[in-house]
Amino acid sequence: MPRLRAALAGLALTTILSVAPPLAAQERDDQVTSFELDNGMQVVVVEDNRAPVVQHMVWYRAGSADEPVGSSGVAHFLEHLLFKATDTLADGEFSATVAANGGRDNAFTSYDYTAYFQRVAADRLELMMRMEADRMRNINFTDQNVATERDVILEERNQRTDSNPRALFSEQMNAAQYLNHRYGVPIIGWRHEMETLDKADALGFYDTYYYPNNAILVVSGDVDPDEVKALAETYYGVIPANPDLPERMRSAEPPQTAERRLVYRDARVAQSYVSRSYLAPERDPGDQTAAAALTLLAEVLGGGQTSYLTEKLQFEEQKAVFSGAFYRGTTLDDTTFDVVIVPVPGLSLEDAEAAMDATLASFLEDGVDKEALERIKYQLRASEIYARDNVDSTARRYGAAMSVGLTVEDIQAWPDVLQAVTADDIMDAARMVLNRDASVTGWLTRPEGEVTQ
């Protein structure tokens with residue numbers, strides 16, 4: 001069966017190559033213009049005139065990992081509050097105005113950044129910029145809407161985390177992996193700290209980080225860079241910088257010298273599984289090679305139906321209904337490389353973990369299949385090209401990377417860095433990252449004596 005699947009995969013790739021234009025013929029470089037306003041705000045314009053649509057995004061270099069100790073969740077809390085009143089807009093008027101102009105808006109908080117965006121017709125860009133610049137410094141929330149929005153984020157935690165054993169398990173895994181770094185604290189916050197968040201907490205975070213010299217403006221779509229620059233200077237350029245913006249300091253994680261383990265039991269668990277996370281380096285400005293090798297390692301090892309883990313655990317040994325490997329390197333500090341196995345019914349988690357370990361050991365012996373690697377590289381290149389057709393994904397790609405210190409040059413070089421990775425690079429990365437002494441292994445299961453249905 002594995003040989004048959006490999007043959008079919010090869011036939012599929014041959015078919016793709018024969019009917020699709022060569023990727024080189026489809027590629028086009030992003031038309032990027034970048035500059036900095038006098039107040040320190042970075043601006044990136046990615047021009048794409050194929051449709052009269054624009055994505056306007058403001059990224060603040062402040063996320064949950066930048067929160068004061070004891071105020072977990074305040075970054076996300078403030079994100080919610082920015083949709084309340086300003087000195088010139090009433091509660092809810094911001095989003096209502098976007099909708100009335102045929103657009104959509106939202107925001108999101110991560111460990112390393114908070115971002116606000118609007119996707120609208122290109123001729124509505126000035127209106128979006130005027131409103132976003134207004135709430136950068138003119139927020140005007142009250143004790144009442146602070147209390148109301150605190151209830152909203154607590155209910156969000158109820159729905160997304162407390163009612164989901166997988167989410168609770170993930171929280172415990174992160175907390176075990178990061179003993180000292182703020183990546184061990186959930187983005188939404190610990191409930192007992194969320195319940196105490198007040199107006200002073202929100203204003204303290206706002207008055208520290210929400211300034212143009214801590215922000216990146218990304219505009220992608222049907223725009224003219226000179227016009228964007230003129231608008232940015234008009235609306236953002238007049239906002240004073242924060243001369244006391246603190247240096248972005250994070251508490252360092254101590255060296256991990258022993259593996260950590262946990263078992264999370266919950267009667268609501270429908271499917272037990274084993275998860276392991278390993279500390280791993282992030283993408284670094286000017287030196288993205290290690291992150292590129294880890295990105296490809298995740299694809300080779302557990303990225304799909306033809307990956308090594310899937311072939312061994314699901315098809316050959318039939319010990320798993322799912323297996324995967326995951327890596328997200330666009331972070332400010334060390335991230336994780338994760339491996340998961342969901343065992344077939346009747347197989348214990350102990351035996352599933354043993355099978356996963358044996359398969360990882362086999363991979364370190366067998367190495368990377370060269371044909372599989374070339375197929376993965378081709379698929380990655382194709383996905384990167386097609387992603388350029390979406391002004392949202394384009395703006396997010398630049399904003400997220402620049403928020404963690406990468407440059408426009410790093411972002412544009414990334415596809416070629418990925419393509420330059422060799423099988424030897426991937427194996428070096430595997431031997432470096434698959435270190436049990438720097439790992440956390442977790443079992444998600446039901447209480448003892450209960451059987452998963």
# chains A, B, ... in the order shown; residues from 1 in each chain; ligands from 1
$ residues_around --residues "Met249 of chain A" --least-positions-apart "6" --cutoff "12 Å" --atoms "only C-alpha atoms" --output "list of chain:residue names"
A:Arg61, A:Ala62, A:Ala65, A:Asp66, A:Glu67, A:Pro68, A:Asp112, A:His181, A:Arg182, A:Leu332, A:Asp333
$ residues_around --residues "segment 122-133 of chain A" --least-positions-apart "5" --cutoff "9 Å" --atoms "only C-alpha atoms" --output "count of residues only"
26
$ closest_residue --among "A:Ala382, A:Val339, A:Val344, A:Ile187" --to "Ile153 of chain A" --atoms "only C-alpha atoms"
A:Ile187
$ residues_around --residues "Leu373 of chain A" --least-positions-apart "3" --cutoff "9 Å" --atoms "only C-alpha atoms" --output "PyMOL selection string"
chain A and resi 296+299-300+368-370+376-378+422-423
$ residues_around --residues "Phe35 of chain A" --least-positions-apart "4" --cutoff "10 Å" --atoms "only C-alpha atoms" --output "list in words"
Gly40, Met41, Gln42, Val43, Val44, Val45 and Lys229 of chain A
$ residues_around --residues "Asn435 of chain A" --least-positions-apart "4" --cutoff "10 Å" --atoms "only C-alpha atoms" --output "list in words"
Thr257, Ala258, Glu259, Ser277, Tyr278, Leu279, Ala280, Ala430, Arg431 and Ser439 of chain A
$ closest_residue --among "A:Ser220, A:Gln31, A:Ser275, A:Gln412" --to "Thr394 of chain A" --atoms "only C-alpha atoms"
A:Ser220
$ closest_residue --among "A:Glu409, A:Glu371, A:Asp416, A:Glu36" --to "Glu384 of chain A" --atoms "only C-alpha atoms"
A:Asp416
$ residues_around --residues "Ala354 of chain A" --least-positions-apart "4" --cutoff "12 Å" --atoms "only C-alpha atoms" --output "PDB file with C-alpha atoms, in the first residue's frame"
ATOM      1  CA  VAL A 274      -0.506  12.334  23.035  1.00  0.00           C
ATOM      2  CA  LEU A 313       1.781   5.304  12.125  1.00  0.00           C
ATOM      3  CA  LYS A 319      -1.671   2.647  15.263  1.00  0.00           C
ATOM      4  CA  ALA A 320      -2.982   6.176  14.701  1.00  0.00           C
ATOM      5  CA  ILE A 341      -0.508  11.236  17.743  1.00  0.00           C
ATOM      6  CA  PRO A 343      -4.235   6.481  18.624  1.00  0.00           C
ATOM      7  CA  LEU A 347      -4.507   1.432  21.798  1.00  0.00           C
ATOM      8  CA  SER A 348      -3.365   2.885  25.111  1.00  0.00           C
ATOM      9  CA  LEU A 349      -1.706   6.279  25.291  1.00  0.00           C
ATOM     10  CA  GLU A 350       1.390   4.584  26.671  1.00  0.00           C
ATOM     11  CA  ALA A 358       9.967   4.641  17.743  1.00  0.00           C
ATOM     12  CA  THR A 359       8.862   6.415  14.562  1.00  0.00           C
ATOM     13  CA  LEU A 360      10.830   9.561  15.417  1.00  0.00           C
ATOM     14  CA  ALA A 361      13.890   7.407  16.045  1.00  0.00           C
ATOM     15  CA  THR A 441       4.871  15.377  26.836  1.00  0.00           C
TER      16      THR A 441
END
$ decode --residues "segment 274-304 of chain A" --atoms "C-alpha atoms" --output "compact mmCIF listing (two decimals), in the first residue's frame"
# COMPACT_ATOMS: atom_id res chain seq x y z
CA VAL A 274 -0.51 12.33 23.03
CA SER A 275 1.12 15.69 22.38
CA ARG A 276 4.75 16.68 22.72
CA SER A 277 6.34 20.11 22.40
CA TYR A 278 10.05 20.82 22.03
CA LEU A 279 11.65 24.24 22.52
CA ALA A 280 12.76 25.55 19.13
CA PRO A 281 14.35 28.73 17.73
CA GLU A 282 12.26 31.37 15.99
CA ARG A 283 12.88 33.20 12.71
CA ASP A 284 15.64 35.73 13.28
CA PRO A 285 16.28 38.90 11.26
CA GLY A 286 18.98 38.26 8.67
CA ASP A 287 19.30 34.58 9.64
CA GLN A 288 16.22 32.53 8.81
CA THR A 289 17.94 29.29 7.81
CA ALA A 290 17.24 27.33 11.01
CA ALA A 291 13.57 28.38 10.98
CA ALA A 292 13.27 27.41 7.31
CA ALA A 293 14.71 23.97 8.04
CA LEU A 294 12.25 23.51 10.92
CA THR A 295 9.37 24.63 8.70
CA LEU A 296 10.26 21.96 6.16
CA LEU A 297 10.91 19.40 8.91
CA ALA A 298 7.32 19.86 10.10
CA GLU A 299 6.05 19.26 6.56
CA VAL A 300 8.27 16.23 5.89
CA LEU A 301 7.62 14.67 9.27
CA GLY A 302 3.93 15.35 9.79
CA GLY A 303 2.53 17.76 7.22
CA GLY A 304 0.06 15.61 5.33
